[in-house]
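Source file: final.pdb (PDB, C-alpha atoms)
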MODEL        1
ATOM      1  CA  MET J   1      -9.005 -10.083 -42.821
ATOM      2  CA  HIS J   2      -5.674  -9.173 -44.380
ATOM      3  CA  LEU J   3      -5.345  -8.943 -48.177
ATOM      4  CA  ASP J   4      -2.704 -11.228 -49.668
ATOM      5  CA  GLY J   5      -0.829 -10.950 -52.953
ATOM      6  CA  GLU J   6      -3.291 -13.098 -54.877
ATOM      7  CA  GLN J   7      -6.255 -10.986 -53.781
ATOM      8  CA  ILE J   8      -4.443  -7.760 -54.694
ATOM      9  CA  SER J   9      -3.608  -9.163 -58.148
ATOM     10  CA  LYS J  10      -7.290  -9.954 -58.708
ATOM     11  CA  ILE J  11      -8.226  -6.415 -57.724
ATOM     12  CA  THR J  12      -5.650  -4.693 -59.937
ATOM     13  CA  SER J  13      -6.632  -6.908 -62.874
ATOM     14  CA  TYR J  14     -10.341  -6.213 -62.379
ATOM     15  CA  ALA J  15      -9.628  -2.479 -62.066
ATOM     16  CA  GLY J  16      -7.782  -2.538 -65.401
ATOM     17  CA  LEU J  17      -4.518  -1.405 -63.834
ATOM     18  CA  GLY J  18      -2.482  -4.179 -65.395
ATOM     19  CA  GLU J  19       0.140  -6.150 -63.532
ATOM     20  CA  ALA J  20       1.448  -4.041 -60.661
ATOM     21  CA  SER J  21       5.221  -3.761 -60.421
ATOM     22  CA  LEU J  22       5.325  -2.138 -56.974
ATOM     23  CA  ILE J  23       2.871  -2.775 -54.150
ATOM     24  CA  GLU J  24       3.593  -1.257 -50.733
ATOM     25  CA  GLU J  25       1.504  -1.552 -47.595
ATOM     26  CA  ILE J  26       0.804   1.574 -45.573
ATOM     27  CA  ASP J  27       0.709   0.562 -41.933
ATOM     28  CA  THR J  28       0.636   3.916 -40.160
ATOM     29  CA  GLY J  29      -2.574   5.548 -39.003
ATOM     30  CA  PHE J  30      -5.009   3.191 -40.713
ATOM     31  CA  SER J  31      -7.406   0.629 -39.258
ATOM     32  CA  ASN J  32      -7.885  -0.988 -42.685
ATOM     33  CA  ASP J  33      -5.621  -2.700 -45.186
ATOM     34  CA  VAL J  34      -4.180   0.140 -47.286
ATOM     35  CA  PHE J  35      -1.681  -0.248 -50.141
ATOM     36  CA  THR J  36      -0.045   1.967 -52.745
ATOM     37  CA  ILE J  37       0.064   0.494 -56.236
ATOM     38  CA  ASP J  38       2.885   1.643 -58.523
ATOM     39  CA  ASN J  39       2.872   4.894 -56.565
ATOM     40  CA  LYS J  40      -0.210   5.935 -58.589
ATOM     41  CA  TYR J  41      -3.158   4.376 -56.807
ATOM     42  CA  ILE J  42      -4.398   3.642 -53.301
ATOM     43  CA  LEU J  43      -6.145   0.354 -52.513
ATOM     44  CA  LYS J  44      -8.174   0.329 -49.314
ATOM     45  CA  SER J  45     -10.166  -2.662 -48.069
ATOM     46  CA  TRP J  46     -12.621  -3.230 -45.226
ATOM     47  CA  ASP J  47     -13.631  -6.138 -43.062
ATOM     48  CA  PRO J  48     -17.223  -6.921 -44.184
ATOM     49  CA  LYS J  49     -18.442  -6.298 -40.624
ATOM     50  CA  ASN J  50     -17.417  -2.635 -41.145
ATOM     51  CA  ILE J  51     -19.326  -2.251 -44.414
ATOM     52  CA  HIS J  52     -21.056   0.858 -43.011
ATOM     53  CA  LEU J  53     -17.660   2.620 -42.902
ATOM     54  CA  PHE J  54     -16.952   1.554 -46.483
ATOM     55  CA  ARG J  55     -20.258   3.022 -47.643
ATOM     56  CA  LYS J  56     -19.590   6.314 -45.867
ATOM     57  CA  GLU J  57     -16.196   6.707 -47.515
ATOM     58  CA  LEU J  58     -17.688   5.861 -50.904
ATOM     59  CA  TRP J  59     -20.440   8.437 -50.362
ATOM     60  CA  CYS J  60     -17.879  11.082 -49.385
ATOM     61  CA  LEU J  61     -15.655  10.425 -52.400
ATOM     62  CA  ASN J  62     -18.634  10.857 -54.726
ATOM     63  CA  THR J  63     -20.303  13.757 -52.915
ATOM     64  CA  LEU J  64     -17.187  15.845 -52.250
ATOM     65  CA  LYS J  65     -15.317  15.352 -55.534
ATOM     66  CA  ASP J  66     -16.036  18.871 -56.811
ATOM     67  CA  LYS J  67     -16.015  20.569 -53.399
ATOM     68  CA  VAL J  68     -13.029  19.216 -51.453
ATOM     69  CA  PRO J  69      -9.675  17.801 -52.668
ATOM     70  CA  VAL J  70     -10.515  14.130 -52.170
ATOM     71  CA  PRO J  71      -8.983  11.205 -54.105
ATOM     72  CA  LYS J  72     -10.557  10.377 -57.444
ATOM     73  CA  LEU J  73     -12.506   7.130 -57.294
ATOM     74  CA  ILE J  74     -11.214   4.532 -59.767
ATOM     75  CA  CYS J  75     -13.392   1.536 -58.882
ATOM     76  CA  PHE J  76     -14.943  -0.291 -55.939
ATOM     77  CA  ASP J  77     -16.523  -3.573 -54.919
ATOM     78  CA  ASP J  78     -19.070  -3.339 -52.120
ATOM     79  CA  LYS J  79     -19.993  -7.034 -52.092
ATOM     80  CA  GLY J  80     -16.550  -8.638 -51.913
ATOM     81  CA  GLU J  81     -17.110 -10.479 -55.184
ATOM     82  CA  VAL J  82     -13.576  -9.916 -56.518
ATOM     83  CA  ALA J  83     -11.351 -10.450 -53.488
ATOM     84  CA  GLY J  84     -13.662 -11.670 -50.760
ATOM     85  CA  GLN J  85     -14.035  -8.318 -49.019
ATOM     86  CA  PRO J  86     -15.101  -4.774 -49.935
ATOM     87  CA  TYR J  87     -12.483  -2.419 -51.359
ATOM     88  CA  ILE J  88     -11.990   0.926 -53.046
ATOM     89  CA  VAL J  89      -9.260   1.822 -55.541
ATOM     90  CA  MET J  90      -8.588   5.536 -55.779
ATOM     91  CA  GLN J  91      -6.057   7.989 -57.128
ATOM     92  CA  LYS J  92      -2.964   8.576 -55.012
ATOM     93  CA  MET J  93      -2.977  12.270 -54.158
ATOM     94  CA  PRO J  94       0.164  14.446 -54.132
ATOM     95  CA  GLY J  95       1.775  15.616 -50.928
ATOM     96  CA  ILE J  96       2.849  14.337 -47.543
ATOM     97  CA  PRO J  97       0.844  14.106 -44.307
ATOM     98  CA  LEU J  98       0.561  17.509 -42.665
ATOM     99  CA  ILE J  99       1.657  15.935 -39.374
ATOM    100  CA  ASN J 100       5.103  15.305 -40.914
ATOM    101  CA  ALA J 101       5.440  18.846 -42.209
ATOM    102  CA  TRP J 102       3.885  20.799 -39.344
ATOM    103  CA  GLN J 103       6.973  21.485 -37.239
ATOM    104  CA  ASN J 104       8.900  22.875 -40.216
ATOM    105  CA  LEU J 105       6.183  25.274 -41.370
ATOM    106  CA  LYS J 106       6.333  28.960 -40.554
ATOM    107  CA  ASP J 107       3.507  30.355 -38.456
ATOM    108  CA  ASP J 108       1.742  32.018 -41.388
ATOM    109  CA  LEU J 109       1.732  28.748 -43.341
ATOM    110  CA  LYS J 110       0.414  26.850 -40.318
ATOM    111  CA  SER J 111      -2.425  29.323 -40.049
ATOM    112  CA  GLN J 112      -3.114  29.019 -43.785
ATOM    113  CA  ALA J 113      -3.189  25.209 -43.599
ATOM    114  CA  VAL J 114      -5.674  25.218 -40.701
ATOM    115  CA  LYS J 115      -7.780  27.839 -42.490
ATOM    116  CA  GLU J 116      -8.022  25.548 -45.526
ATOM    117  CA  ILE J 117      -8.887  22.556 -43.338
ATOM    118  CA  CYS J 118     -11.599  24.541 -41.581
ATOM    119  CA  GLY J 119     -13.022  25.562 -44.952
ATOM    120  CA  TYR J 120     -13.316  21.899 -45.929
ATOM    121  CA  LEU J 121     -14.900  21.012 -42.571
ATOM    122  CA  LYS J 122     -17.493  23.733 -43.151
ATOM    123  CA  THR J 123     -18.203  22.340 -46.623
ATOM    124  CA  ILE J 124     -18.827  18.895 -45.121
ATOM    125  CA  ASN J 125     -20.987  20.401 -42.366
ATOM    126  CA  ASP J 126     -23.146  22.016 -45.047
ATOM    127  CA  LEU J 127     -23.772  18.785 -46.966
ATOM    128  CA  ASP J 128     -27.347  17.664 -47.499
ATOM    129  CA  ALA J 129     -27.485  13.956 -46.686
ATOM    130  CA  THR J 130     -31.246  13.603 -47.129
ATOM    131  CA  GLY J 131     -30.739  11.039 -49.875
ATOM    132  CA  ALA J 132     -28.306   9.022 -47.760
ATOM    133  CA  SER J 133     -30.093   8.993 -44.407
ATOM    134  CA  GLU J 134     -29.530   5.238 -44.073
ATOM    135  CA  LEU J 135     -25.783   5.857 -43.746
ATOM    136  CA  PHE J 136     -25.991   8.055 -40.678
ATOM    137  CA  ASN J 137     -27.194   7.608 -37.125
ATOM    138  CA  GLN J 138     -30.465   9.329 -36.295
ATOM    139  CA  ILE J 139     -29.423  11.246 -33.174
ATOM    140  CA  PRO J 140     -32.100  13.584 -31.787
ATOM    141  CA  SER J 141     -30.245  14.118 -28.503
ATOM    142  CA  TRP J 142     -26.438  14.351 -28.548
ATOM    143  CA  GLN J 143     -26.233  14.017 -24.762
ATOM    144  CA  ASP J 144     -28.358  10.846 -24.753
ATOM    145  CA  TRP J 145     -26.334   9.312 -27.596
ATOM    146  CA  ILE J 146     -22.961   9.950 -25.911
ATOM    147  CA  GLU J 147     -24.332   8.623 -22.625
ATOM    148  CA  ALA J 148     -25.595   5.454 -24.320
ATOM    149  CA  GLU J 149     -22.198   4.934 -25.987
ATOM    150  CA  PHE J 150     -20.460   5.493 -22.672
ATOM    151  CA  ARG J 151     -22.682   3.058 -20.751
ATOM    152  CA  LYS J 152     -22.319   0.410 -23.461
ATOM    153  CA  ASN J 153     -18.523   0.637 -23.524
ATOM    154  CA  LEU J 154     -18.255   0.812 -19.753
ATOM    155  CA  GLN J 155     -20.223  -2.411 -19.456
ATOM    156  CA  LYS J 156     -17.929  -4.095 -21.983
ATOM    157  CA  MET J 157     -14.888  -2.959 -20.027
ATOM    158  CA  GLN J 158     -16.378  -4.206 -16.793
ATOM    159  CA  GLU J 159     -17.166  -7.595 -18.310
ATOM    160  CA  SER J 160     -13.716  -7.906 -19.892
ATOM    161  CA  GLY J 161     -11.873  -6.976 -16.713
ATOM    162  CA  ILE J 162      -9.821  -4.255 -18.416
ATOM    163  CA  TYR J 163     -10.680  -1.868 -15.597
ATOM    164  CA  GLY J 164     -11.021  -2.862 -11.953
ATOM    165  CA  ALA J 165     -14.146  -2.069  -9.964
ATOM    166  CA  ASN J 166     -12.595   1.029  -8.379
ATOM    167  CA  THR J 167     -11.556   2.494 -11.746
ATOM    168  CA  ILE J 168     -14.987   1.738 -13.219
ATOM    169  CA  ARG J 169     -16.593   3.606 -10.324
ATOM    170  CA  LYS J 170     -14.312   6.648 -10.750
ATOM    171  CA  VAL J 171     -14.916   6.821 -14.499
ATOM    172  CA  LYS J 172     -18.679   6.584 -13.987
ATOM    173  CA  ILE J 173     -18.637   9.366 -11.390
ATOM    174  CA  ARG J 174     -16.616  11.624 -13.675
ATOM    175  CA  MET J 175     -18.836  11.025 -16.693
ATOM    176  CA  ASP J 176     -21.940  11.736 -14.605
ATOM    177  CA  ILE J 177     -20.414  15.159 -13.940
ATOM    178  CA  LEU J 178     -19.513  15.759 -17.610
ATOM    179  CA  LEU J 179     -22.615  14.485 -19.415
ATOM    180  CA  PRO J 180     -24.914  17.472 -18.615
ATOM    181  CA  ALA J 181     -22.497  19.697 -20.561
ATOM    182  CA  LEU J 182     -23.501  17.790 -23.714
ATOM    183  CA  LYS J 183     -27.117  18.928 -23.634
ATOM    184  CA  GLU J 184     -26.191  21.829 -25.928
ATOM    185  CA  GLN J 185     -25.786  20.652 -29.521
ATOM    186  CA  ASN J 186     -25.254  21.786 -33.101
ATOM    187  CA  MET J 187     -25.961  18.689 -35.188
ATOM    188  CA  LYS J 188     -24.603  18.426 -38.729
ATOM    189  CA  ILE J 189     -22.852  15.980 -41.022
ATOM    190  CA  SER J 190     -19.294  16.157 -39.698
ATOM    191  CA  TYR J 191     -15.907  14.696 -40.487
ATOM    192  CA  TYR J 192     -14.653  13.853 -37.016
ATOM    193  CA  ASP J 193     -11.304  12.156 -37.728
ATOM    194  CA  VAL J 194      -9.561  15.535 -37.804
ATOM    195  CA  HIS J 195      -5.891  14.850 -37.140
ATOM    196  CA  PHE J 196      -3.018  15.957 -39.332
ATOM    197  CA  GLY J 197      -2.298  12.456 -40.630
ATOM    198  CA  ASN J 198      -5.514  12.738 -42.656
ATOM    199  CA  PHE J 199      -4.558  15.909 -44.523
ATOM    200  CA  LEU J 200      -1.841  16.031 -47.183
ATOM    201  CA  ILE J 201       0.160  19.163 -47.923
ATOM    202  CA  ASP J 202       1.956  19.973 -51.162
ATOM    203  CA  ASN J 203       3.657  23.261 -52.049
ATOM    204  CA  ASN J 204       2.427  24.683 -48.735
ATOM    205  CA  ARG J 205      -1.251  24.049 -49.554
ATOM    206  CA  ILE J 206      -3.619  21.317 -48.406
ATOM    207  CA  SER J 207      -3.656  18.945 -51.364
ATOM    208  CA  ALA J 208      -5.959  16.206 -50.063
ATOM    209  CA  VAL J 209      -8.378  15.126 -47.357
ATOM    210  CA  ILE J 210      -8.162  11.353 -46.900
ATOM    211  CA  ASP J 211      -9.589   8.497 -44.821
ATOM    212  CA  LEU J 212     -13.164   9.750 -45.065
ATOM    213  CA  GLU J 213     -15.022   6.875 -43.429
ATOM    214  CA  ARG J 214     -15.370   8.746 -40.122
ATOM    215  CA  VAL J 215     -18.265  10.982 -41.124
ATOM    216  CA  GLU J 216     -21.425  11.088 -39.039
ATOM    217  CA  TRP J 217     -24.438  13.161 -37.980
ATOM    218  CA  VAL J 218     -23.003  14.576 -34.736
ATOM    219  CA  SER J 219     -22.591  17.821 -32.844
ATOM    220  CA  ILE J 220     -19.955  19.729 -34.793
ATOM    221  CA  ASP J 221     -17.605  20.171 -31.827
ATOM    222  CA  TYR J 222     -16.983  16.403 -31.896
ATOM    223  CA  SER J 223     -14.527  17.190 -34.716
ATOM    224  CA  LEU J 224     -12.319  18.854 -32.089
ATOM    225  CA  ASN J 225     -11.750  15.554 -30.270
ATOM    226  CA  TRP J 226      -8.677  14.575 -32.282
ATOM    227  CA  VAL J 227      -7.521  18.164 -32.691
ATOM    228  CA  ASN J 228      -7.488  18.373 -28.909
ATOM    229  CA  ARG J 229      -5.586  15.082 -28.637
ATOM    230  CA  MET J 230      -2.914  16.370 -31.026
ATOM    231  CA  SER J 231      -2.469  19.463 -28.903
ATOM    232  CA  TYR J 232      -1.832  17.628 -25.619
ATOM    233  CA  ASP J 233      -0.492  14.255 -26.832
ATOM    234  CA  PRO J 234       1.388  14.756 -30.130
ATOM    235  CA  GLU J 235       3.446  11.604 -29.455
ATOM    236  CA  GLU J 236       0.372   9.671 -30.534
ATOM    237  CA  TYR J 237       0.872  11.006 -34.066
ATOM    238  CA  ILE J 238       4.568  11.746 -34.558
ATOM    239  CA  GLU J 239       7.930  10.803 -33.079
ATOM    240  CA  ASP J 240       9.934  13.421 -31.160
ATOM    241  CA  PRO J 241       7.383  16.241 -31.354
ATOM    242  CA  LYS J 242       8.194  19.757 -30.236
ATOM    243  CA  GLU J 243       5.421  20.184 -27.695
ATOM    244  CA  LYS J 244       4.988  23.951 -28.130
ATOM    245  CA  GLU J 245       4.395  23.532 -31.857
ATOM    246  CA  PHE J 246       1.269  21.500 -31.147
ATOM    247  CA  GLU J 247      -0.047  23.671 -28.340
ATOM    248  CA  LYS J 248      -0.890  26.268 -31.011
ATOM    249  CA  ILE J 249      -3.273  24.019 -32.938
ATOM    250  CA  LEU J 250      -6.514  24.566 -31.002
ATOM    251  CA  PRO J 251      -6.229  28.396 -31.060
ATOM    252  CA  LEU J 252      -5.783  28.253 -34.840
ATOM    253  CA  PHE J 253      -8.953  26.181 -35.251
ATOM    254  CA  GLU J 254     -10.808  28.613 -33.010
ATOM    255  CA  LYS J 255      -9.582  31.517 -35.145
ATOM    256  CA  HIS J 256     -10.695  29.971 -38.428
ATOM    257  CA  TYR J 257     -13.824  28.079 -37.335
ATOM    258  CA  PRO J 258     -15.133  29.728 -34.134
ATOM    259  CA  GLU J 259     -18.494  27.931 -34.395
ATOM    260  CA  LEU J 260     -16.756  24.700 -33.340
ATOM    261  CA  PHE J 261     -15.959  26.358 -30.008
ATOM    262  CA  ASN J 262     -19.315  28.039 -29.478
ATOM    263  CA  PHE J 263     -20.404  25.807 -26.589
ATOM    264  CA  THR J 264     -20.826  26.847 -22.966
ATOM    265  CA  ASP J 265     -18.910  23.947 -21.377
ATOM    266  CA  LEU J 266     -16.503  23.045 -24.165
ATOM    267  CA  GLU J 267     -13.745  21.907 -21.797
ATOM    268  CA  LYS J 268     -16.072  19.386 -20.154
ATOM    269  CA  ARG J 269     -17.356  18.249 -23.545
ATOM    270  CA  LEU J 270     -13.839  17.582 -24.803
ATOM    271  CA  GLU J 271     -13.007  15.682 -21.627
ATOM    272  CA  ALA J 272     -16.081  13.477 -22.136
ATOM    273  CA  TYR J 273     -15.009  12.765 -25.729
ATOM    274  CA  THR J 274     -11.508  11.900 -24.528
ATOM    275  CA  ILE J 275     -12.774   9.433 -21.942
ATOM    276  CA  LEU J 276     -15.029   7.748 -24.503
ATOM    277  CA  SER J 277     -12.162   7.553 -27.029
ATOM    278  CA  GLU J 278      -9.833   5.999 -24.470
ATOM    279  CA  MET J 279     -12.438   3.370 -23.626
ATOM    280  CA  ARG J 280     -12.838   2.502 -27.301
ATOM    281  CA  PHE J 281      -9.050   2.266 -27.717
ATOM    282  CA  LYS J 282      -8.772  -0.133 -24.794
ATOM    283  CA  LEU J 283     -11.568  -2.334 -26.136
ATOM    284  CA  LYS J 284     -10.035  -2.316 -29.622
ATOM    285  CA  GLU J 285      -6.664  -3.359 -28.211
ATOM    286  CA  LEU J 286      -8.355  -6.207 -26.366
ATOM    287  CA  GLU J 287     -10.187  -7.305 -29.522
ATOM    288  CA  LEU J 288      -6.954  -7.298 -31.561
ATOM    289  CA  SER J 289      -5.143  -9.191 -28.825
ATOM    290  CA  GLU J 290      -7.848 -11.858 -28.681
ATOM    291  CA  THR J 291      -7.913 -12.139 -32.475
ATOM    292  CA  SER J 292      -4.135 -12.541 -32.578
ATOM    293  CA  THR J 293      -4.239 -15.176 -29.845
TER
ENDMDL
END

What is this file in structure tokens?
Amino acid sequence: MHLDGEQISKITSYAGLGEASLIEEIDTGFSNDVFTIDNKYILKSWDPKNIHLFRKELWCLNTLKDKVPVPKLICFDDKGEVAGQPYIVMQKMPGIPLINAWQNLKDDLKSQAVKEICGYLKTINDLDATGASELFNQIPSWQDWIEAEFRKNLQKMQESGIYGANTIRKVKIRMDILLPALKEQNMKISYYDVHFGNFLIDNNRISAVIDLERVEWVSIDYSLNWVNRMSYDPEEYIEDPKEKEFEKILPLFEKHYPELFNFTDLEKRLEAYTILSEMRFKLKELELSETST
């Protein structure tokens, strides 16, 4: 469900922002409709079927406002009464995505940026979500949960024909080898969408943490999934990357948040997360293709 001009006008009017003179869509790195309004505000909307993600972002904006540099909440509609779908209007934060600045930063500033990010991840890990338990999965066993997600997605891929029978068999064999490594766990509220497109930098300091819908009760090393992807596949996030600049990312996270790495079979764990992510990407591409058709 894509917001049109009439819907956006209703939202800006309801939010008391007046008639917007400049509305620009942000189409990089977001799975939602995201717009800047007069270069002062961010409008983000959700498909109603993803209302759980909306509620998580709303919870994070309210819970973290005095602890982490998150956008200030202006207004929201969780029922779609104004524009037909849920949305949040928030302050536009200063800075540019860290991914765009990374290659031009000196090593000491890179280390400082990752140190700040790790501090914010620790703050989120320490959150008490007792009063918001309905927002988060109840996961007693991390290994069982990952295995269930894997089996579910593998079945979808088999039914859709994305993977042939031989590929399905190979993936299943590999995951059977990797899954025992996930028995070890350190479960906390975690922000797991940790790539440098979701952190803004201004005057060489992290000025904002954005796109906060990907927060869940998971083993804390799950936050390394996207950090790991940046280190070996930076083309996914930026054009013409200097490979060696991104190879340094994981060691910096280990330096500033060693607890994320404190798992016996971390390499196997990260491989399992990568396989699961790739499966989800393939299924999402298929869904978008079918919707477009």

Write out as CSV a residue-level contact list of region 75-175 of chain J versus region 247-254 of chain J with cut-off 12 Å: for each qualifying residue the closest pair of atoms and the distance in Å to one decimal, counting all atoms listed in the file, rows sorted by chain and residue number upward.
residue,atom,partner,partner_atom,distance
J:Ile99,CA,J:Ile249,CA,11.4
J:Trp102,CA,J:Ile249,CA,10.1
J:Gln103,CA,J:Lys248,CA,11.1
J:Asp107,CA,J:Lys248,CA,9.6
J:Asp108,CA,J:Leu252,CA,10.7
J:Leu109,CA,J:Leu252,CA,11.4
J:Lys110,CA,J:Leu252,CA,8.4
J:Ser111,CA,J:Leu252,CA,6.3
J:Gln112,CA,J:Leu252,CA,9.4
J:Ala113,CA,J:Leu252,CA,9.6
J:Val114,CA,J:Phe253,CA,6.4
J:Lys115,CA,J:Phe253,CA,7.5
J:Glu116,CA,J:Phe253,CA,10.3
J:Ile117,CA,J:Phe253,CA,8.9
J:Cys118,CA,J:Phe253,CA,7.1
J:Gly119,CA,J:Phe253,CA,10.5
J:Leu121,CA,J:Phe253,CA,10.8
J:Lys122,CA,J:Phe253,CA,11.9

Restricting it to C-alpha atoms, dump the selection as a compact mmCIF listing (two decimals), in the frame of the given file.
# COMPACT_ATOMS: atom_id res chain seq x y z
CA ILE J 99 1.66 15.94 -39.37
CA TRP J 102 3.88 20.80 -39.34
CA GLN J 103 6.97 21.48 -37.24
CA ASP J 107 3.51 30.36 -38.46
CA ASP J 108 1.74 32.02 -41.39
CA LEU J 109 1.73 28.75 -43.34
CA LYS J 110 0.41 26.85 -40.32
CA SER J 111 -2.42 29.32 -40.05
CA GLN J 112 -3.11 29.02 -43.78
CA ALA J 113 -3.19 25.21 -43.60
CA VAL J 114 -5.67 25.22 -40.70
CA LYS J 115 -7.78 27.84 -42.49
CA GLU J 116 -8.02 25.55 -45.53
CA ILE J 117 -8.89 22.56 -43.34
CA CYS J 118 -11.60 24.54 -41.58
CA GLY J 119 -13.02 25.56 -44.95
CA LEU J 121 -14.90 21.01 -42.57
CA LYS J 122 -17.49 23.73 -43.15

Residues near region 265-278 of chain J, anyone? I mean within 6 Å using only C-alpha atoms, not counting same-chain ones fewer than 3 positions away, as a PyMOL selection string. chain J and resi 178+181+281

Next, write the just-selected residues to a file, as a PDB file, keeping the file's coordinate frame, keeping C-alpha atoms as the atom set.
ATOM      1  CA  LEU J 178     -19.513  15.759 -17.610  1.00  0.00           C
ATOM      2  CA  ALA J 181     -22.497  19.697 -20.561  1.00  0.00           C
ATOM      3  CA  PHE J 281      -9.050   2.266 -27.717  1.00  0.00           C
TER       4      PHE J 281
END

What is the CA of Pro86 (chain J) to CA of Tyr192 (chain J) distance in Å?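 So the two atoms, CA of Pro86 (chain J) and CA of Tyr192 (chain J), lie 22.7 Å apart.
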
Pick the closest to Leu286 (chain J) from J:Ser190, J:Ser13, J:Ser160, J:Asn198: which is it, counting all atoms listed in the file? J:Ser160

The PyMOL selection byres ((chain J and resi 201-215) around 6) applied to the shown file, residues as number ranges by chain: J: 53, 56-57, 69-70, 95-96, 98, 190-191, 193, 198-200, 216

What gap, in Å, lies between CA of Val171 (chain J) and CA of Asp144 (chain J)?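 CA of Val171 (chain J) sits 17.4 Å away from CA of Asp144 (chain J).
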
Enumerate, as a PyMOL selection string, the residues matched when the PyMOL selection byres ((chain J and resi 233) around 12) is run on the file above. chain J and resi 195+225-232+234-247+249+274

Any chance you could build region 245-263 of chain J out to N, CA and C atoms and write it as a CSV table (one decimal), in the frame of the given file?
chain,number,residue,atom,x,y,z
J,245,GLU,N,4.9,23.4,-30.5
J,245,GLU,CA,4.4,23.5,-31.9
J,245,GLU,C,3.0,23.0,-31.9
J,246,PHE,N,2.6,22.1,-31.1
J,246,PHE,CA,1.3,21.5,-31.1
J,246,PHE,C,0.3,22.2,-30.2
J,247,GLU,N,0.8,22.9,-29.2
J,247,GLU,CA,0.0,23.7,-28.3
J,247,GLU,C,-0.8,24.8,-29.1
J,248,LYS,N,-0.3,25.2,-30.2
J,248,LYS,CA,-0.9,26.3,-31.0
J,248,LYS,C,-2.1,25.8,-31.9
J,249,ILE,N,-2.3,24.5,-32.0
J,249,ILE,CA,-3.3,24.0,-32.9
J,249,ILE,C,-4.7,24.4,-32.6
J,250,LEU,N,-5.1,24.2,-31.4
J,250,LEU,CA,-6.5,24.6,-31.0
J,250,LEU,C,-6.8,26.0,-31.2
J,251,PRO,N,-5.9,27.0,-30.8
J,251,PRO,CA,-6.2,28.4,-31.1
J,251,PRO,C,-6.4,28.7,-32.5
J,252,LEU,N,-5.6,28.0,-33.4
J,252,LEU,CA,-5.8,28.3,-34.8
J,252,LEU,C,-7.1,27.8,-35.3
J,253,PHE,N,-7.6,26.6,-34.9
J,253,PHE,CA,-9.0,26.2,-35.3
J,253,PHE,C,-10.0,27.1,-34.7
J,254,GLU,N,-9.8,27.7,-33.5
J,254,GLU,CA,-10.8,28.6,-33.0
J,254,GLU,C,-10.8,29.9,-33.8
J,255,LYS,N,-9.7,30.3,-34.3
J,255,LYS,CA,-9.6,31.5,-35.1
J,255,LYS,C,-10.3,31.3,-36.5
J,256,HIS,N,-10.2,30.2,-37.1
J,256,HIS,CA,-10.7,30.0,-38.4
J,256,HIS,C,-12.1,29.3,-38.5
J,257,TYR,N,-12.5,28.7,-37.4
J,257,TYR,CA,-13.8,28.1,-37.3
J,257,TYR,C,-14.4,28.2,-35.9
J,258,PRO,N,-14.7,29.5,-35.5
J,258,PRO,CA,-15.1,29.7,-34.1
J,258,PRO,C,-16.4,29.0,-33.7
J,259,GLU,N,-17.3,28.6,-34.7
J,259,GLU,CA,-18.5,27.9,-34.4
J,259,GLU,C,-18.2,26.6,-33.7
J,260,LEU,N,-17.1,26.0,-34.0
J,260,LEU,CA,-16.8,24.7,-33.3
J,260,LEU,C,-16.6,24.9,-31.8
J,261,PHE,N,-16.3,26.1,-31.4
J,261,PHE,CA,-16.0,26.4,-30.0
J,261,PHE,C,-17.1,27.0,-29.3
J,262,ASN,N,-18.2,27.2,-30.0
J,262,ASN,CA,-19.3,28.0,-29.5
J,262,ASN,C,-20.2,27.2,-28.6
J,263,PHE,N,-19.7,26.6,-27.5
J,263,PHE,CA,-20.4,25.8,-26.6
J,263,PHE,C,-20.0,26.3,-25.2
